[in-house]
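Content type mmCIF, C-alpha atoms, from the file final.cif:
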```
data_work
#
loop_
_atom_site.label_atom_id
_atom_site.label_comp_id
_atom_site.auth_asym_id
_atom_site.auth_seq_id
_atom_site.Cartn_x
_atom_site.Cartn_y
_atom_site.Cartn_z
CA MET A 1 -12.61 20.56 12.30
CA LYS A 2 -9.16 20.84 10.73
CA ALA A 3 -8.58 19.37 7.28
CA ILE A 4 -5.94 19.53 4.58
CA GLN A 5 -7.17 20.60 1.15
CA LEU A 6 -5.87 21.09 -2.36
CA THR A 7 -7.54 24.41 -2.97
CA ASN A 8 -7.50 25.27 -6.66
CA GLY A 9 -5.04 22.96 -8.39
CA PHE A 10 -2.27 20.41 -8.09
CA GLY A 11 1.11 20.62 -6.34
CA PHE A 12 2.60 21.01 -2.85
CA GLU A 13 1.98 24.77 -2.92
CA GLU A 14 -1.78 24.17 -3.14
CA LEU A 15 -1.94 22.23 0.15
CA SER A 16 -3.50 24.27 2.95
CA LEU A 17 -4.84 23.64 6.43
CA GLN A 18 -8.52 24.62 6.56
CA GLU A 19 -11.23 24.86 9.23
CA LEU A 20 -14.36 23.03 8.07
CA GLU A 21 -17.65 21.98 9.62
CA ILE A 22 -17.86 18.48 11.10
CA PRO A 23 -19.97 16.37 8.72
CA ALA A 24 -22.97 14.34 9.89
CA PRO A 25 -23.46 10.68 8.99
CA GLY A 26 -26.46 9.76 6.85
CA PRO A 27 -28.22 6.39 6.58
CA LYS A 28 -25.77 3.45 6.68
CA GLU A 29 -22.90 5.88 7.32
CA VAL A 30 -20.55 6.39 10.28
CA LEU A 31 -18.63 9.42 11.51
CA VAL A 32 -14.99 8.53 12.17
CA ARG A 33 -12.65 10.66 14.27
CA MET A 34 -9.48 10.14 12.25
CA ARG A 35 -6.38 9.65 14.38
CA ALA A 36 -3.72 8.88 11.79
CA ALA A 37 -3.18 8.59 8.04
CA SER A 38 -0.30 7.16 6.04
CA LEU A 39 1.22 8.31 2.76
CA ASN A 40 1.40 6.27 -0.42
CA PHE A 41 3.00 6.88 -3.80
CA ARG A 42 -0.56 6.99 -5.13
CA ASP A 43 -1.22 10.08 -3.00
CA LEU A 44 1.90 11.76 -4.37
CA VAL A 45 1.02 11.28 -8.04
CA ILE A 46 -2.56 12.45 -7.42
CA LEU A 47 -1.23 15.51 -5.57
CA ASN A 48 0.97 16.36 -8.54
CA GLY A 49 -1.76 15.74 -11.13
CA ILE A 50 0.03 12.74 -12.68
CA MET A 51 -2.62 10.09 -12.04
CA PRO A 52 -5.75 10.73 -14.13
CA VAL A 53 -8.48 10.70 -11.48
CA ASP A 54 -11.49 12.97 -11.72
CA ILE A 55 -11.21 15.01 -8.54
CA LYS A 56 -13.06 18.21 -7.75
CA PHE A 57 -11.47 21.18 -5.93
CA PRO A 58 -11.27 21.89 -3.08
CA PHE A 59 -10.13 18.34 -2.43
CA ILE A 60 -9.07 16.47 0.73
CA PRO A 61 -6.14 14.10 -0.06
CA LEU A 62 -4.87 10.78 1.36
CA SER A 63 -6.31 7.30 0.96
CA ASP A 64 -5.33 5.48 4.16
CA GLY A 65 -6.42 6.23 7.68
CA ALA A 66 -7.46 4.86 11.06
CA GLY A 67 -9.60 6.23 13.85
CA GLU A 68 -12.61 5.59 16.06
CA ILE A 69 -16.30 5.76 15.27
CA VAL A 70 -17.96 8.58 17.21
CA ALA A 71 -21.45 8.50 15.69
CA VAL A 72 -23.54 6.23 13.47
CA GLY A 73 -26.35 7.01 11.05
CA GLU A 74 -29.72 5.35 10.69
CA GLY A 75 -29.64 1.67 9.77
CA VAL A 76 -25.98 0.99 10.59
CA THR A 77 -25.55 -2.64 11.65
CA ARG A 78 -21.87 -3.54 11.07
CA PHE A 79 -20.37 -1.10 13.61
CA GLN A 80 -21.17 0.96 16.65
CA ALA A 81 -19.71 4.05 18.30
CA GLY A 82 -16.39 3.46 20.03
CA GLN A 83 -15.02 0.86 17.62
CA ARG A 84 -11.56 1.32 16.10
CA VAL A 85 -11.52 1.08 12.32
CA ALA A 86 -9.41 1.58 9.20
CA THR A 87 -10.55 2.80 5.82
CA ASN A 88 -10.75 0.59 2.74
CA LEU A 89 -9.28 2.37 -0.30
CA GLN A 90 -11.98 1.18 -2.69
CA GLN A 91 -15.16 1.79 -0.80
CA ARG A 92 -17.31 -0.66 -2.82
CA PHE A 93 -14.79 -3.45 -3.37
CA TYR A 94 -16.15 -6.06 -1.00
CA ALA A 95 -15.18 -9.40 -2.56
CA GLY A 96 -14.06 -11.09 -5.78
CA ASN A 97 -12.04 -9.46 -8.56
CA PRO A 98 -11.82 -5.74 -9.42
CA ARG A 99 -14.50 -4.17 -11.60
CA ALA A 100 -14.64 -0.83 -13.37
CA GLU A 101 -17.04 0.73 -10.87
CA VAL A 102 -14.67 -0.10 -8.02
CA LEU A 103 -12.11 2.43 -9.24
CA LYS A 104 -14.68 5.22 -9.28
CA ASN A 105 -15.17 4.92 -5.52
CA SER A 106 -11.61 5.20 -4.21
CA LEU A 107 -10.73 7.39 -1.24
CA GLY A 108 -8.15 10.10 -1.86
CA GLY A 109 -9.19 10.34 -5.51
CA PRO A 110 -11.70 10.64 -6.97
CA LEU A 111 -13.49 10.63 -3.58
CA ASN A 112 -12.30 13.02 -0.89
CA GLY A 113 -9.69 11.45 1.35
CA VAL A 114 -8.93 11.20 5.05
CA ALA A 115 -6.58 14.11 5.84
CA ALA A 116 -9.19 15.55 8.20
CA GLU A 117 -10.16 15.27 11.85
CA TYR A 118 -13.58 13.83 10.99
CA VAL A 119 -14.67 11.78 7.96
CA VAL A 120 -18.05 10.28 7.06
CA LEU A 121 -17.83 6.82 5.47
CA HIS A 122 -20.28 4.12 4.49
CA GLU A 123 -20.29 1.27 7.00
CA ASP A 124 -19.31 -1.15 4.22
CA GLY A 125 -16.14 0.83 3.43
CA ILE A 126 -14.31 0.27 6.73
CA VAL A 127 -12.85 -2.66 8.69
CA SER A 128 -11.99 -3.28 12.33
CA ILE A 129 -8.31 -3.01 13.20
CA PRO A 130 -6.23 -5.44 15.28
CA ASP A 131 -6.32 -4.63 18.99
CA HIS A 132 -2.53 -4.59 19.44
CA LEU A 133 -1.90 -1.84 16.87
CA THR A 134 -1.75 1.89 17.50
CA TYR A 135 -3.74 4.16 15.20
CA GLU A 136 -0.48 5.20 13.55
CA GLU A 137 0.39 1.57 12.81
CA ALA A 138 -3.12 0.70 11.67
CA SER A 139 -3.17 3.61 9.22
CA THR A 140 -0.46 1.86 7.17
CA LEU A 141 -2.63 -1.18 6.41
CA PRO A 142 -5.21 -0.15 3.74
CA ILE A 143 -2.90 0.12 0.71
CA ALA A 144 0.66 -1.00 1.50
CA ALA A 145 -0.15 -4.02 3.62
CA LEU A 146 -3.24 -5.08 1.66
CA THR A 147 -1.41 -4.78 -1.67
CA ALA A 148 1.32 -7.14 -0.44
CA TRP A 149 -1.17 -9.52 1.19
CA SER A 150 -3.55 -9.73 -1.77
CA GLY A 151 -0.81 -10.05 -4.38
CA LEU A 152 1.14 -12.75 -2.56
CA ILE A 153 -1.41 -14.58 -0.40
CA GLU A 154 -4.93 -14.14 -1.77
CA TYR A 155 -4.18 -14.12 -5.50
CA GLY A 156 -0.68 -15.63 -5.46
CA GLY A 157 -1.11 -18.41 -2.92
CA MET A 158 2.36 -17.95 -1.38
CA GLN A 159 3.14 -20.64 1.18
CA ALA A 160 5.96 -22.11 3.24
CA GLY A 161 9.07 -22.89 1.19
CA ASP A 162 8.28 -20.46 -1.65
CA THR A 163 10.71 -17.71 -2.62
CA VAL A 164 9.66 -14.11 -3.26
CA LEU A 165 11.76 -11.28 -4.73
CA LEU A 166 11.01 -7.84 -3.28
CA GLN A 167 12.13 -4.48 -4.64
CA GLY A 168 13.22 -1.72 -2.29
CA THR A 169 12.31 -1.06 1.32
CA GLY A 170 9.14 1.00 1.03
CA GLY A 171 5.87 0.11 2.72
CA VAL A 172 4.63 -2.57 0.30
CA SER A 173 7.96 -4.43 0.18
CA ILE A 174 8.48 -4.36 3.93
CA PHE A 175 4.98 -5.70 4.56
CA ALA A 176 5.65 -8.40 1.96
CA LEU A 177 8.84 -9.30 3.83
CA GLN A 178 6.86 -9.61 7.05
CA PHE A 179 4.17 -11.73 5.39
CA ALA A 180 6.86 -14.00 3.92
CA GLN A 181 8.16 -14.51 7.45
CA MET A 182 4.65 -15.19 8.66
CA THR A 183 4.01 -17.89 6.05
CA GLY A 184 7.46 -19.51 6.08
CA ALA A 185 8.46 -18.25 2.63
CA ARG A 186 11.96 -17.01 1.78
CA ALA A 187 12.40 -13.36 0.81
CA ILE A 188 15.11 -11.82 -1.36
CA ILE A 189 15.07 -8.03 -1.13
CA THR A 190 16.86 -5.36 -3.17
CA SER A 191 17.98 -1.85 -2.23
CA SER A 192 20.67 0.67 -3.11
CA SER A 193 21.48 1.06 0.60
CA ASP A 194 23.52 -1.49 2.54
CA ALA A 195 22.18 0.01 5.78
CA LYS A 196 18.60 -0.67 4.69
CA LEU A 197 19.53 -4.17 3.59
CA GLU A 198 20.91 -4.82 7.07
CA ARG A 199 17.60 -3.67 8.55
CA ALA A 200 15.79 -6.00 6.14
CA LYS A 201 17.97 -8.89 7.31
CA ALA A 202 17.00 -8.08 10.88
CA LEU A 203 13.35 -8.42 9.81
CA GLY A 204 14.07 -11.86 8.38
CA ALA A 205 15.19 -11.39 4.76
CA TRP A 206 16.76 -14.61 3.47
CA GLN A 207 19.05 -12.87 0.95
CA THR A 208 19.75 -9.26 -0.04
CA ILE A 209 20.99 -7.62 -3.25
CA ASN A 210 22.42 -4.10 -3.56
CA TYR A 211 21.20 -3.20 -7.05
CA THR A 212 23.71 -0.36 -7.36
CA GLU A 213 26.60 -2.79 -6.92
CA VAL A 214 24.77 -5.60 -8.75
CA PRO A 215 22.69 -3.97 -11.51
CA ASP A 216 21.81 -7.39 -12.96
CA TRP A 217 19.81 -8.27 -9.87
CA ASP A 218 17.65 -10.66 -11.88
CA LYS A 219 20.69 -12.80 -12.64
CA ALA A 220 21.71 -12.61 -8.99
CA ALA A 221 18.24 -13.86 -7.97
CA LEU A 222 18.56 -16.78 -10.38
CA GLU A 223 21.95 -17.66 -8.90
CA LEU A 224 20.60 -17.48 -5.35
CA THR A 225 17.89 -19.97 -6.29
CA GLY A 226 20.30 -22.38 -7.98
CA GLY A 227 19.22 -21.24 -11.43
CA GLY A 228 15.59 -22.19 -10.90
CA GLY A 229 14.21 -18.70 -10.30
CA VAL A 230 11.84 -17.25 -7.72
CA ASP A 231 8.19 -18.18 -7.28
CA TYR A 232 6.96 -14.58 -6.95
CA VAL A 233 8.10 -11.05 -7.66
CA LEU A 234 6.35 -8.06 -6.11
CA ASP A 235 7.21 -5.45 -8.74
CA VAL A 236 7.00 -1.85 -7.51
CA GLY A 237 9.07 -0.36 -10.33
CA GLY A 238 6.86 -0.89 -13.35
CA ALA A 239 8.43 -0.20 -16.73
CA GLY A 240 11.96 0.11 -15.39
CA THR A 241 11.97 -3.25 -13.62
CA MET A 242 9.39 -5.47 -15.31
CA VAL A 243 11.73 -7.17 -17.79
CA LYS A 244 14.17 -8.19 -15.05
CA SER A 245 11.31 -9.22 -12.78
CA ILE A 246 10.04 -11.67 -15.38
CA HIS A 247 13.57 -12.92 -16.09
CA SER A 248 14.09 -13.72 -12.39
CA LEU A 249 11.03 -16.03 -12.25
CA ARG A 250 10.94 -19.80 -12.22
CA VAL A 251 8.87 -21.55 -14.86
CA GLY A 252 5.25 -20.99 -13.85
CA GLY A 253 6.13 -18.08 -11.58
CA THR A 254 4.10 -14.91 -10.96
CA VAL A 255 4.84 -11.20 -11.09
CA SER A 256 2.45 -8.99 -9.14
CA MET A 257 2.84 -5.49 -10.57
CA VAL A 258 1.91 -3.09 -7.81
CA GLY A 259 3.57 0.21 -8.78
CA PHE A 260 5.44 2.29 -11.31
CA LEU A 261 8.25 3.95 -9.35
CA ALA A 262 10.72 3.32 -12.21
CA GLY A 263 8.52 4.37 -15.12
CA LEU A 264 5.18 4.07 -16.88
CA SER A 265 6.04 2.75 -20.34
CA ILE A 266 8.32 0.15 -21.89
CA PRO A 267 9.51 1.22 -25.38
CA GLU A 268 10.58 -2.29 -26.38
CA PHE A 269 9.31 -5.43 -24.71
CA ASP A 270 10.12 -9.00 -25.75
CA VAL A 271 7.32 -11.33 -24.68
CA THR A 272 9.43 -14.44 -25.36
CA THR A 273 10.45 -14.85 -21.72
CA ILE A 274 6.81 -14.72 -20.57
CA LEU A 275 5.95 -17.49 -23.01
CA GLN A 276 8.99 -19.61 -22.21
CA LYS A 277 8.41 -19.34 -18.48
CA ALA A 278 4.63 -19.66 -18.69
CA ALA A 279 4.67 -16.63 -16.40
CA THR A 280 1.68 -14.89 -14.88
CA VAL A 281 1.80 -11.08 -14.78
CA ARG A 282 -0.99 -9.59 -12.69
CA GLY A 283 -1.72 -5.92 -12.14
CA SER A 284 -2.83 -4.89 -8.66
CA GLN A 285 -5.84 -2.91 -7.50
CA VAL A 286 -4.83 -3.41 -3.86
CA GLY A 287 -7.46 -5.86 -2.52
CA ASN A 288 -11.06 -6.26 -1.47
CA ARG A 289 -12.66 -5.99 1.96
CA ASP A 290 -12.67 -9.76 2.48
CA HIS A 291 -8.90 -9.78 1.87
CA PHE A 292 -8.49 -6.91 4.33
CA GLU A 293 -10.37 -8.73 7.07
CA ASN A 294 -8.43 -11.96 6.40
CA MET A 295 -5.17 -10.03 6.62
CA ASN A 296 -6.13 -8.30 9.85
CA ARG A 297 -6.95 -11.64 11.47
CA ALA A 298 -3.52 -12.95 10.51
CA ILE A 299 -1.83 -9.76 11.73
CA GLY A 300 -3.66 -10.09 15.04
CA ILE A 301 -2.77 -13.77 15.50
CA HIS A 302 0.91 -13.21 14.69
CA ARG A 303 1.09 -9.86 16.53
CA LEU A 304 2.74 -8.32 13.47
CA LYS A 305 3.85 -4.71 13.94
CA PRO A 306 4.00 -2.44 10.88
CA VAL A 307 7.28 -0.58 10.34
CA VAL A 308 6.67 3.16 10.73
CA ASP A 309 9.67 5.29 9.77
CA GLN A 310 8.53 8.81 10.67
CA ILE A 311 5.41 10.50 12.04
CA PHE A 312 4.43 14.08 11.12
CA SER A 313 1.69 16.33 12.47
CA LEU A 314 -1.14 17.33 10.13
CA ASP A 315 0.24 20.84 9.64
CA ARG A 316 3.57 19.35 8.45
CA ILE A 317 2.05 17.27 5.68
CA GLY A 318 4.10 19.14 3.08
CA GLU A 319 7.33 17.95 4.75
CA ALA A 320 5.99 14.41 4.81
CA PHE A 321 5.22 14.51 1.09
CA ALA A 322 8.67 15.95 0.37
CA LEU A 323 10.23 12.99 2.19
CA LEU A 324 8.06 10.58 0.22
CA ALA A 325 8.97 12.29 -3.07
CA GLU A 326 12.70 12.06 -2.32
CA GLY A 327 12.21 8.33 -2.03
CA LYS A 328 15.46 7.17 -0.45
CA GLN A 329 15.45 8.44 3.11
CA TYR A 330 12.81 6.26 4.70
CA PHE A 331 12.24 2.58 5.54
CA GLY A 332 8.68 1.34 5.78
CA LYS A 333 5.87 3.88 6.09
CA ILE A 334 5.45 7.63 6.62
CA VAL A 335 2.51 8.55 8.86
CA ILE A 336 0.51 11.70 9.58
CA GLN A 337 -0.85 12.07 13.11
CA ILE A 338 -4.26 13.75 13.12
#
```

Using the file provided, produce a representation of the structure as C-alpha cells.
Amino acid sequence: MKAIQLTNGFGFEELSLQELEIPAPGPKEVLVRMRAASLNFRDLVILNGIMPVDIKFPFIPLSDGAGEIVAVGEGVTRFQAGQRVATNLQQRFYAGNPRAEVLKNSLGGPLNGVAAEYVVLHEDGIVSIPDHLTYEEASTLPIAALTAWSGLIEYGGMQAGDTVLLQGTGGVSIFALQFAQMTGARAIITSSSDAKLERAKALGAWQTINYTEVPDWDKAALELTGGGGVDYVLDVGGAGTMVKSIHSLRVGGTVSMVGFLAGLSIPEFDVTTILQKAATVRGSQVGNRDHFENMNRAIGIHRLKPVVDQIFSLDRIGEAFALLAEGKQYFGKIVIQI
C-alpha cells in the first residue's frame, strides 16, 4: 500500500511517499481502506515539530480521515465490512470530559495517522458517517466540525436566538457558521477578505467584520449587539485574539479557545474583564465519540454539506500543506484524496 511518511525528522522536505505492507486487524480492530483525509493546523505544527507530541520515526501524519471497512478482527461487534466510517482523533475519548490519557492516544501524533491507503483502528475509535456525504466531505468532520459542535453545542449549549462571534473562514469557523444556521443562532464572522465575507454571507452569516479595515473588531461586535455583547466566541487565534474575544462577550458569555493561529503566549493579560463579565473561558480538546455521533445525526437530518475548498492527490500532499501554511488562500477545508 502507499503511505506518506516523515522519514527521519520534521519539515516538508521529510515527507515521502512509501510502499508499505497492508496491516492486518487484530482482536477488536478493523482494517479501513482510507479514501480521503483532511488537513488541520494541528497536522501542520506536528509536521514542523512545533507541537510537543512524542512521535516515533518513520511516522505517518494526518489526524482526520474517512473510508470503508474491508476486514474485521476477532470479537468486533460495532461494525462490519462494507460500512463507511470516519476516524475519531482521540481514539479512547468515548464520553464525558477530557482526561490525560486521552491525549496519549491521538491519531496523527503521537499515534500514526491516516495518510495511507489502509489503516488498522480499534472499533471504538471510529464512527459511521452520514449517508449523503462523500468520503472527501466526511474526512473534514473529525476535528474541524467536531471542535465547532462540541464547543458551541455540547459544552456551550448554543440555541436559537444566541449570537456567536467567529474568527476567519477556516474549517472550524465555517462549520460553526453552518451549525449556527442549523440551530437558529446568529453568527458574526471576521476576515481580512471582503470576498470571503461575501461567501460567508451566502452561507448565512448575520453580520461580517473585515478586521483589516476594523482592527477593533471586538468593539464592532459590541455595537452590532447593541452594546450587550455576544453569547459565544469561537477563538481560533489564541494569544493574539483572546483579549478582544473576552471583551466582545456579554455578561455570562463563553469563549471556546480552539486554536493558536495568532500566537501561543500573552505577555500581559488583565483578568479584570473576565471577572466583570463572569466569563467562561474553555480550552478545547475537540470532542468525544458521543459528541461525534450526535453531530453526525444532526448533519444527516439537516443534510449539511461541508465546505471543501481544494482536493489534492496523496502524492501532492506537500502542496496541500503549503496552501495550509500560507493560510489566506482557502475557504473551508483542504482535502487529500487517497

(message) Using all atoms listed in the file, can you tell me which of A:Glu13, A:Asp218, A:Asp131, A:Asp64 comes closest to Gly113 of chain A?
(response) A:Asp64

(request) Check the smallest atom-to-atom distance from each of A:Thr140, A:Gln167, A:Ser63, A:Ser313 to Val255 of chain A using all atoms listed in the file, then report the winner. (result)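 Of the candidates, the smallest distance to Val255 of chain A is held by A:Gln167.
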
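Each of A:Asp231, A:Pro25, A:Phe59, A:Gly226 was checked against Ala187 of chain A using only C-alpha atoms; the smallest atom-to-atom distance is that of A:Asp231.
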
Per residue of segment 105-197 of chain A within 7 Å of segment 202-209 of chain A, which atom pair is closest and at what distance in Å (one decimal), using only C-alpha atoms, listed by chain and increasing number, as CSV?
```
residue,atom,partner,partner_atom,distance
A:Leu177,CA,A:Ala205,CA,6.7
A:Gln181,CA,A:Gly204,CA,6.5
A:Arg186,CA,A:Trp206,CA,5.6
A:Ala187,CA,A:Ala205,CA,5.2
A:Ile188,CA,A:Gln207,CA,4.7
A:Ile189,CA,A:Thr208,CA,5.0
A:Thr190,CA,A:Ile209,CA,4.7
A:Ser191,CA,A:Ile209,CA,6.6
A:Leu197,CA,A:Thr208,CA,6.3
```

(message) From the options A:Gly109, A:Gln83, A:Phe331, A:Met34, which residue's atoms come nearest to Asp54 of chain A, counting all atoms listed in the file?
(response) A:Gly109

(request) Kindly indicate which residue among A:Ala3, A:Asn97, A:Phe179, A:Asp194 lies nearest to Ile153 of chain A, using all atoms listed in the file for the distances. (result)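 Closest residue, counting all atoms listed in the file: A:Phe179.
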
(message) What's the separation between atom CA of Thr241 of chain A and atom CA of Glu198 of chain A, in Å to one decimal place?
(response)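 According to the coordinates, atom CA of Thr241 of chain A and atom CA of Glu198 of chain A are separated by 22.6 Å.
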
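For the set A:Gly157, A:Pro23, A:Gly82, A:Gly49, the residue with the smallest atom-to-atom gap to Val119 of chain A is A:Pro23, counting only C-alpha atoms.
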